[in-house]
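**Q** My structure is stored as protein-v2.cif, with mmCIF, C-alpha atoms; chains and numbers go by the auth columns.
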data_start
loop_
_atom_site.group_PDB
_atom_site.id
_atom_site.type_symbol
_atom_site.label_atom_id
_atom_site.label_comp_id
_atom_site.label_asym_id
_atom_site.label_seq_id
_atom_site.Cartn_x
_atom_site.Cartn_y
_atom_site.Cartn_z
_atom_site.B_iso_or_equiv
_atom_site.auth_seq_id
_atom_site.auth_asym_id
ATOM 1 C CA MET A 1 28.356 23.096 6.432 0.00 1 A
ATOM 2 C CA THR A 2 29.622 25.967 4.338 0.00 2 A
ATOM 3 C CA THR A 3 32.957 25.863 2.572 0.00 3 A
ATOM 4 C CA GLU A 4 34.265 28.670 4.780 0.00 4 A
ATOM 5 C CA ARG A 5 33.385 26.826 7.986 0.00 5 A
ATOM 6 C CA ARG A 6 34.951 23.634 6.619 0.00 6 A
ATOM 7 C CA LYS A 7 38.211 25.507 5.900 0.00 7 A
ATOM 8 C CA ILE A 8 38.249 26.896 9.447 0.00 8 A
ATOM 9 C CA LYS A 9 37.575 23.426 10.854 0.00 9 A
ATOM 10 C CA TYR A 10 40.505 21.937 8.877 0.00 10 A
ATOM 11 C CA LEU A 11 42.764 24.803 9.870 0.00 11 A
ATOM 12 C CA ILE A 12 41.989 24.269 13.569 0.00 12 A
ATOM 13 C CA LEU A 13 42.591 20.525 13.152 0.00 13 A
ATOM 14 C CA ALA A 14 45.922 21.155 11.379 0.00 14 A
ATOM 15 C CA VAL A 15 47.095 23.541 14.116 0.00 15 A
ATOM 16 C CA PHE A 16 46.061 21.035 16.784 0.00 16 A
ATOM 17 C CA LEU A 17 47.989 18.238 15.054 0.00 17 A
ATOM 18 C CA LEU A 18 51.082 20.436 14.703 0.00 18 A
ATOM 19 C CA VAL A 19 51.010 21.090 18.444 0.00 19 A
ATOM 20 C CA LEU A 20 51.020 17.335 19.074 0.00 20 A
ATOM 21 C CA LEU A 21 54.038 16.676 16.845 0.00 21 A
ATOM 22 C CA PRO A 22 57.454 16.862 18.504 0.00 22 A
ATOM 23 C CA ILE A 23 59.520 19.812 17.446 0.00 23 A
ATOM 24 C CA PRO A 24 62.991 18.849 16.282 0.00 24 A
ATOM 25 C CA VAL A 25 65.641 20.262 18.582 0.00 25 A
ATOM 26 C CA ARG A 26 68.879 21.445 17.062 0.00 26 A
ATOM 27 C CA ALA A 27 71.893 20.485 19.130 0.00 27 A
ATOM 28 C CA GLU A 28 74.412 23.112 20.117 0.00 28 A
ATOM 29 C CA GLN A 29 77.853 21.752 19.250 0.00 29 A
ATOM 30 C CA SER A 30 81.332 23.089 18.703 0.00 30 A
ATOM 31 C CA ILE A 31 84.784 21.741 17.998 0.00 31 A
ATOM 32 C CA SER A 32 88.156 23.476 18.128 0.00 32 A
ATOM 33 C CA VAL A 33 91.413 22.174 16.679 0.00 33 A
ATOM 34 C CA ASN A 34 94.687 24.078 16.351 0.00 34 A
ATOM 35 C CA ASP A 35 97.081 23.656 13.429 0.00 35 A
ATOM 36 C CA ILE A 36 99.157 20.495 13.467 0.00 36 A
ATOM 37 C CA ASN A 37 102.750 21.343 12.574 0.00 37 A
ATOM 38 C CA PHE A 38 105.319 18.573 12.126 0.00 38 A
ATOM 39 C CA GLY A 39 108.170 20.966 11.401 0.00 39 A
ATOM 40 C CA ILE A 40 111.076 19.854 9.227 0.00 40 A
ATOM 41 C CA ALA A 41 111.852 16.146 9.187 0.00 41 A
ATOM 42 C CA GLY A 42 115.415 15.496 10.320 0.00 42 A
ATOM 43 C CA GLU A 43 117.864 12.644 9.888 0.00 43 A
ATOM 44 C CA ASP A 44 116.705 10.939 13.105 0.00 44 A
ATOM 45 C CA ASP A 45 113.082 11.067 11.872 0.00 45 A
ATOM 46 C CA PHE A 46 114.071 9.314 8.642 0.00 46 A
ATOM 47 C CA PHE A 47 116.024 6.685 10.598 0.00 47 A
ATOM 48 C CA ASN A 48 112.921 6.126 12.769 0.00 48 A
ATOM 49 C CA GLY A 49 110.732 5.960 9.650 0.00 49 A
ATOM 50 C CA TYR A 50 108.318 8.645 10.828 0.00 50 A
ATOM 51 C CA ILE A 51 107.869 12.078 12.349 0.00 51 A
ATOM 52 C CA LEU A 52 105.426 12.341 15.238 0.00 52 A
ATOM 53 C CA VAL A 53 103.085 14.843 16.909 0.00 53 A
ATOM 54 C CA GLN A 54 101.687 13.437 20.150 0.00 54 A
ATOM 55 C CA SER A 55 98.646 14.334 22.236 0.00 55 A
ATOM 56 C CA HIS A 56 97.252 17.038 19.975 0.00 56 A
ATOM 57 C CA PRO A 57 94.142 18.410 21.773 0.00 57 A
ATOM 58 C CA ILE A 58 90.725 18.545 20.151 0.00 58 A
ATOM 59 C CA PHE A 59 88.237 20.507 22.253 0.00 59 A
ATOM 60 C CA TRP A 60 84.555 19.675 21.911 0.00 60 A
ATOM 61 C CA SER A 61 81.230 20.786 23.325 0.00 61 A
ATOM 62 C CA SER A 62 77.778 19.311 22.743 0.00 62 A
ATOM 63 C CA ASP A 63 74.452 19.336 24.524 0.00 63 A
ATOM 64 C CA THR A 64 73.565 15.892 23.120 0.00 64 A
ATOM 65 C CA GLY A 65 75.346 12.659 22.270 0.00 65 A
ATOM 66 C CA TRP A 66 78.041 13.352 19.683 0.00 66 A
ATOM 67 C CA ARG A 67 80.379 11.839 17.131 0.00 67 A
ATOM 68 C CA ILE A 68 83.615 13.430 15.851 0.00 68 A
ATOM 69 C CA THR A 69 84.964 12.572 12.409 0.00 69 A
ATOM 70 C CA VAL A 70 88.092 13.573 10.483 0.00 70 A
ATOM 71 C CA HIS A 71 88.966 13.569 6.797 0.00 71 A
ATOM 72 C CA SER A 72 91.324 15.299 4.388 0.00 72 A
ATOM 73 C CA ALA A 73 90.236 17.720 1.678 0.00 73 A
ATOM 74 C CA ASP A 74 93.362 16.773 -0.274 0.00 74 A
ATOM 75 C CA PRO A 75 93.938 13.529 -2.223 0.00 75 A
ATOM 76 C CA ASN A 76 97.647 13.516 -1.315 0.00 76 A
ATOM 77 C CA LEU A 77 100.195 15.369 0.825 0.00 77 A
ATOM 78 C CA GLY A 78 101.663 17.278 -2.093 0.00 78 A
ATOM 79 C CA VAL A 79 104.337 17.132 -4.774 0.00 79 A
ATOM 80 C CA SER A 80 108.097 17.184 -4.247 0.00 80 A
ATOM 81 C CA ASP A 81 110.045 20.341 -5.056 0.00 81 A
ATOM 82 C CA ASP A 82 111.309 18.794 -8.300 0.00 82 A
ATOM 83 C CA GLY A 83 107.798 17.667 -9.310 0.00 83 A
ATOM 84 C CA THR A 84 108.701 13.990 -9.681 0.00 84 A
ATOM 85 C CA TYR A 85 107.091 12.563 -6.539 0.00 85 A
ATOM 86 C CA VAL A 86 103.597 12.737 -5.027 0.00 86 A
ATOM 87 C CA LYS A 87 103.511 11.862 -1.322 0.00 87 A
ATOM 88 C CA PRO A 88 100.476 9.638 -0.607 0.00 88 A
ATOM 89 C CA LEU A 89 97.822 10.848 1.818 0.00 89 A
ATOM 90 C CA SER A 90 97.957 7.413 3.470 0.00 90 A
ATOM 91 C CA ASP A 91 101.465 8.289 4.752 0.00 91 A
ATOM 92 C CA LEU A 92 99.677 10.547 7.254 0.00 92 A
ATOM 93 C CA LEU A 93 98.520 8.389 10.169 0.00 93 A
ATOM 94 C CA TRP A 94 96.388 9.223 13.207 0.00 94 A
ATOM 95 C CA LYS A 95 95.057 7.542 16.357 0.00 95 A
ATOM 96 C CA LEU A 96 93.562 8.460 19.692 0.00 96 A
ATOM 97 C CA SER A 97 96.514 8.960 22.035 0.00 97 A
ATOM 98 C CA ASP A 98 95.424 6.139 24.344 0.00 98 A
ATOM 99 C CA GLU A 99 94.920 3.649 21.474 0.00 99 A
ATOM 100 C CA GLU A 100 97.499 1.406 19.809 0.00 100 A
ATOM 101 C CA ALA A 101 96.328 1.074 16.187 0.00 101 A
ATOM 102 C CA TRP A 102 97.307 3.738 13.655 0.00 102 A
ATOM 103 C CA ILE A 103 94.756 4.705 10.965 0.00 103 A
ATOM 104 C CA PRO A 104 95.792 6.088 7.558 0.00 104 A
ATOM 105 C CA MET A 105 94.192 9.439 6.678 0.00 105 A
ATOM 106 C CA THR A 106 91.636 9.360 3.848 0.00 106 A
ATOM 107 C CA GLN A 107 89.258 11.722 2.115 0.00 107 A
ATOM 108 C CA ASP A 108 86.351 9.757 3.598 0.00 108 A
ATOM 109 C CA PRO A 109 85.166 10.767 7.082 0.00 109 A
ATOM 110 C CA GLU A 110 86.496 8.399 9.757 0.00 110 A
ATOM 111 C CA GLU A 111 85.106 8.309 13.277 0.00 111 A
ATOM 112 C CA VAL A 112 87.596 9.643 15.811 0.00 112 A
ATOM 113 C CA ASP A 113 85.514 9.356 18.980 0.00 113 A
ATOM 114 C CA TRP A 114 81.923 9.502 20.235 0.00 114 A
ATOM 115 C CA SER A 115 79.810 9.654 23.366 0.00 115 A
ATOM 116 C CA GLU A 116 76.150 9.188 24.174 0.00 116 A
ATOM 117 C CA ASN A 117 76.479 12.021 26.704 0.00 117 A
ATOM 118 C CA GLY A 118 76.681 15.735 26.107 0.00 118 A
ATOM 119 C CA GLY A 119 78.991 18.107 27.893 0.00 119 A
ATOM 120 C CA GLU A 120 82.381 19.461 27.001 0.00 120 A
ATOM 121 C CA GLY A 121 85.855 18.058 27.022 0.00 121 A
ATOM 122 C CA VAL A 122 89.026 17.337 25.141 0.00 122 A
ATOM 123 C CA ILE A 123 90.304 14.299 23.299 0.00 123 A
ATOM 124 C CA TYR A 124 93.948 13.793 22.401 0.00 124 A
ATOM 125 C CA VAL A 125 95.066 12.543 19.004 0.00 125 A
ATOM 126 C CA ASP A 126 98.535 11.462 17.827 0.00 126 A
ATOM 127 C CA PHE A 127 99.645 12.098 14.249 0.00 127 A
ATOM 128 C CA ALA A 128 102.560 10.581 12.347 0.00 128 A
ATOM 129 C CA ILE A 129 103.941 10.935 8.839 0.00 129 A
ATOM 130 C CA GLN A 130 105.732 7.892 7.458 0.00 130 A
ATOM 131 C CA LEU A 131 109.160 8.683 6.010 0.00 131 A
ATOM 132 C CA ASP A 132 111.364 6.716 3.631 0.00 132 A
ATOM 133 C CA TRP A 133 114.952 7.645 2.617 0.00 133 A
ATOM 134 C CA HIS A 134 114.579 6.131 -0.854 0.00 134 A
ATOM 135 C CA ARG A 135 111.056 7.194 -1.720 0.00 135 A
ATOM 136 C CA ASP A 136 110.540 10.653 -0.208 0.00 136 A
ATOM 137 C CA PHE A 137 112.007 13.648 -2.005 0.00 137 A
ATOM 138 C CA PRO A 138 112.412 17.132 -0.516 0.00 138 A
ATOM 139 C CA GLY A 139 109.256 19.219 -0.652 0.00 139 A
ATOM 140 C CA HIS A 140 106.665 21.135 1.303 0.00 140 A
ATOM 141 C CA TYR A 141 103.973 18.617 2.183 0.00 141 A
ATOM 142 C CA GLU A 142 100.635 19.407 3.787 0.00 142 A
ATOM 143 C CA ALA A 143 97.007 18.364 4.102 0.00 143 A
ATOM 144 C CA HIS A 144 93.889 20.278 5.002 0.00 144 A
ATOM 145 C CA LEU A 145 92.108 18.220 7.633 0.00 145 A
ATOM 146 C CA PHE A 146 88.498 18.707 8.655 0.00 146 A
ATOM 147 C CA PHE A 147 87.168 17.682 12.045 0.00 147 A
ATOM 148 C CA PHE A 148 83.384 17.622 12.406 0.00 148 A
ATOM 149 C CA ILE A 149 81.141 17.087 15.414 0.00 149 A
ATOM 150 C CA GLN A 150 77.580 15.934 14.875 0.00 150 A
ATOM 151 C CA ASP A 151 74.657 14.337 16.704 0.00 151 A
ATOM 152 C CA LEU A 152 74.776 10.593 17.278 0.00 152 A
#
I'd like the structure from this file rewritten - as structure tokens, please.

**A**
Amino acid sequence: MTTERRKIKYLILAVFLLVLLPIPVRAEQSISVNDINFGIAGEDDFFNGYILVQSHPIFWSSDTGWRITVHSADPNLGVSDDGTYVKPLSDLLWKLSDEEAWIPMTQDPEEVDWSENGGEGVIYVDFAIQLDWHRDFPGHYEAHLFFFIQDL
């Protein structure tokens, strides 16, 4: 068998094997989250020990099973106006609205929710910022949160 015929034979075999291999399918997914605004903490919020945003909608769509995660890009919530206090990121808490346990925000992705089924829908998440009269100083505090949806 000539070298040219051998090359053609291997090429045909390679193409045949490629046809037999499953082609990876890329899932179509999307997630939409509006800004979460706590406003200005008032005296009642400090007496309660927190300020709360309830039932914040997170819209999702996926044609396969999915998992949503959240994490902060920031290591803390910011520095007080006078520069003497750094508000910890862990003072920002979250939970699914129908759950009881609060979870402190971190820079590591935490699973918010998941499903083995595709489709589209909305999940509701509550957010709270812990407040303390003695520890917290006036300032503009914020965090940049990232919600991701991915295949299971």

**Q** When the PyMOL selection byres ((chain A and resi 63) around 7) is applied to the structure above, which residues does it catch, written out as a count of residues only?

**A** 7

**Q** I need the output of the PyMOL selection byres ((chain A and resi 82) around 10) for this file as a PyMOL selection string; which residues are they?

**A** chain A and resi 79-81+83-85+137-139

**Q** Evaluate the PyMOL selection byres ((chain A and resi 37) around 10) on the structure here and hand back the selected residues as a list in words.

**A**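 Checked against the file, the PyMOL selection byres ((chain A and resi 37) around 10) matches Asn34, Asp35, Ile36, Phe38, Gly39, Ile40, Leu52, Val53, Phe127 and Glu142 of chain A.
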
**Q** Which of these residues is nearest to Val125 of chain A, using all atoms listed in the file: A:His56, A:Lys87, A:Arg67, A:Arg5?

**A** A:His56

**Q** Suppose you want the space between atom CA of Ala128 of chain A and atom CA of Pro109 of chain A; what is it in Å?

**A** 18.2 Å

**Q** Which residues come within 12 Å of Glu99 of chain A, counting all atoms listed in the file, excluding same-chain residues fewer than 6 positions away, as a PDB file with C-alpha atoms, keeping the file's coordinate frame?

**A**
ATOM      1  CA  GLN A  54     101.687  13.437  20.150  1.00  0.00           C
ATOM      2  CA  SER A  55      98.646  14.334  22.236  1.00  0.00           C
ATOM      3  CA  VAL A 112      87.596   9.643  15.811  1.00  0.00           C
ATOM      4  CA  ASP A 113      85.514   9.356  18.980  1.00  0.00           C
ATOM      5  CA  ILE A 123      90.304  14.299  23.299  1.00  0.00           C
ATOM      6  CA  TYR A 124      93.948  13.793  22.401  1.00  0.00           C
ATOM      7  CA  VAL A 125      95.066  12.543  19.004  1.00  0.00           C
ATOM      8  CA  ASP A 126      98.535  11.462  17.827  1.00  0.00           C
TER       9      ASP A 126
END

**Q** Go through A:Phe146, A:Trp94, A:Trp66, A:Tyr141 one by one, measure the shortest atom-to-atom distance of each to Ala41 of chain A using all atoms listed in the file, and give the residue with the smallest value.

**A** A:Tyr141

**Q** Name the residues in contact with Tyr50 of chain A at a cut-off of 7 Å, using only C-alpha atoms, excluding same-chain residues fewer than 4 positions from it; report them as a list in words.

**A** Asp45, Phe46, Ala128, Ile129, Gln130 and Leu131 of chain A

**Q** How many Å lie between atom CA of Ile103 of chain A and atom CA of Asn117 of chain A, rounded to one decimal?

**A**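 About the pair atom CA of Ile103 of chain A and atom CA of Asn117 of chain A: they are 25.2 Å apart.
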
**Q** Just the number, please: distance in Å from atom CA of Leu92 of chain A to atom CA of Asp108 of chain A, one decimal.

**A** 13.8 Å

**Q** Box for segment 42-48 of chain A - axis-aligned, 3 Å on each of the six sides, all listed atoms - centre and size in Å to one decimal, as JSON.

**A**
{"center_x": 115.4, "center_y": 10.8, "center_z": 10.9, "size_x": 10.9, "size_y": 15.4, "size_z": 10.5}

**Q** Give me, as a ChimeraX atom specification, all polymer residues having an atom no more than 7 Å from Phe148 of chain A, counting all atoms listed in the file and skipping those fewer than 6 positions away in the same chain.

**A** /A:68-70

**Q** Nearest residue to Ser72 of chain A out of A:Glu100, A:Gly42, A:Leu145, A:Gln150, using all atoms listed in the file?

**A** A:Leu145

**Q** With a distance cut-off of 8 Å and only C-alpha atoms, select the neighbouring residues of Glu120 of chain A, excluding the residue or stretch itself and same-chain residues fewer than 5 positions from it, and output the selection as a list in words.

**A** Phe59, Trp60, Ser61 and Ser62 of chain A
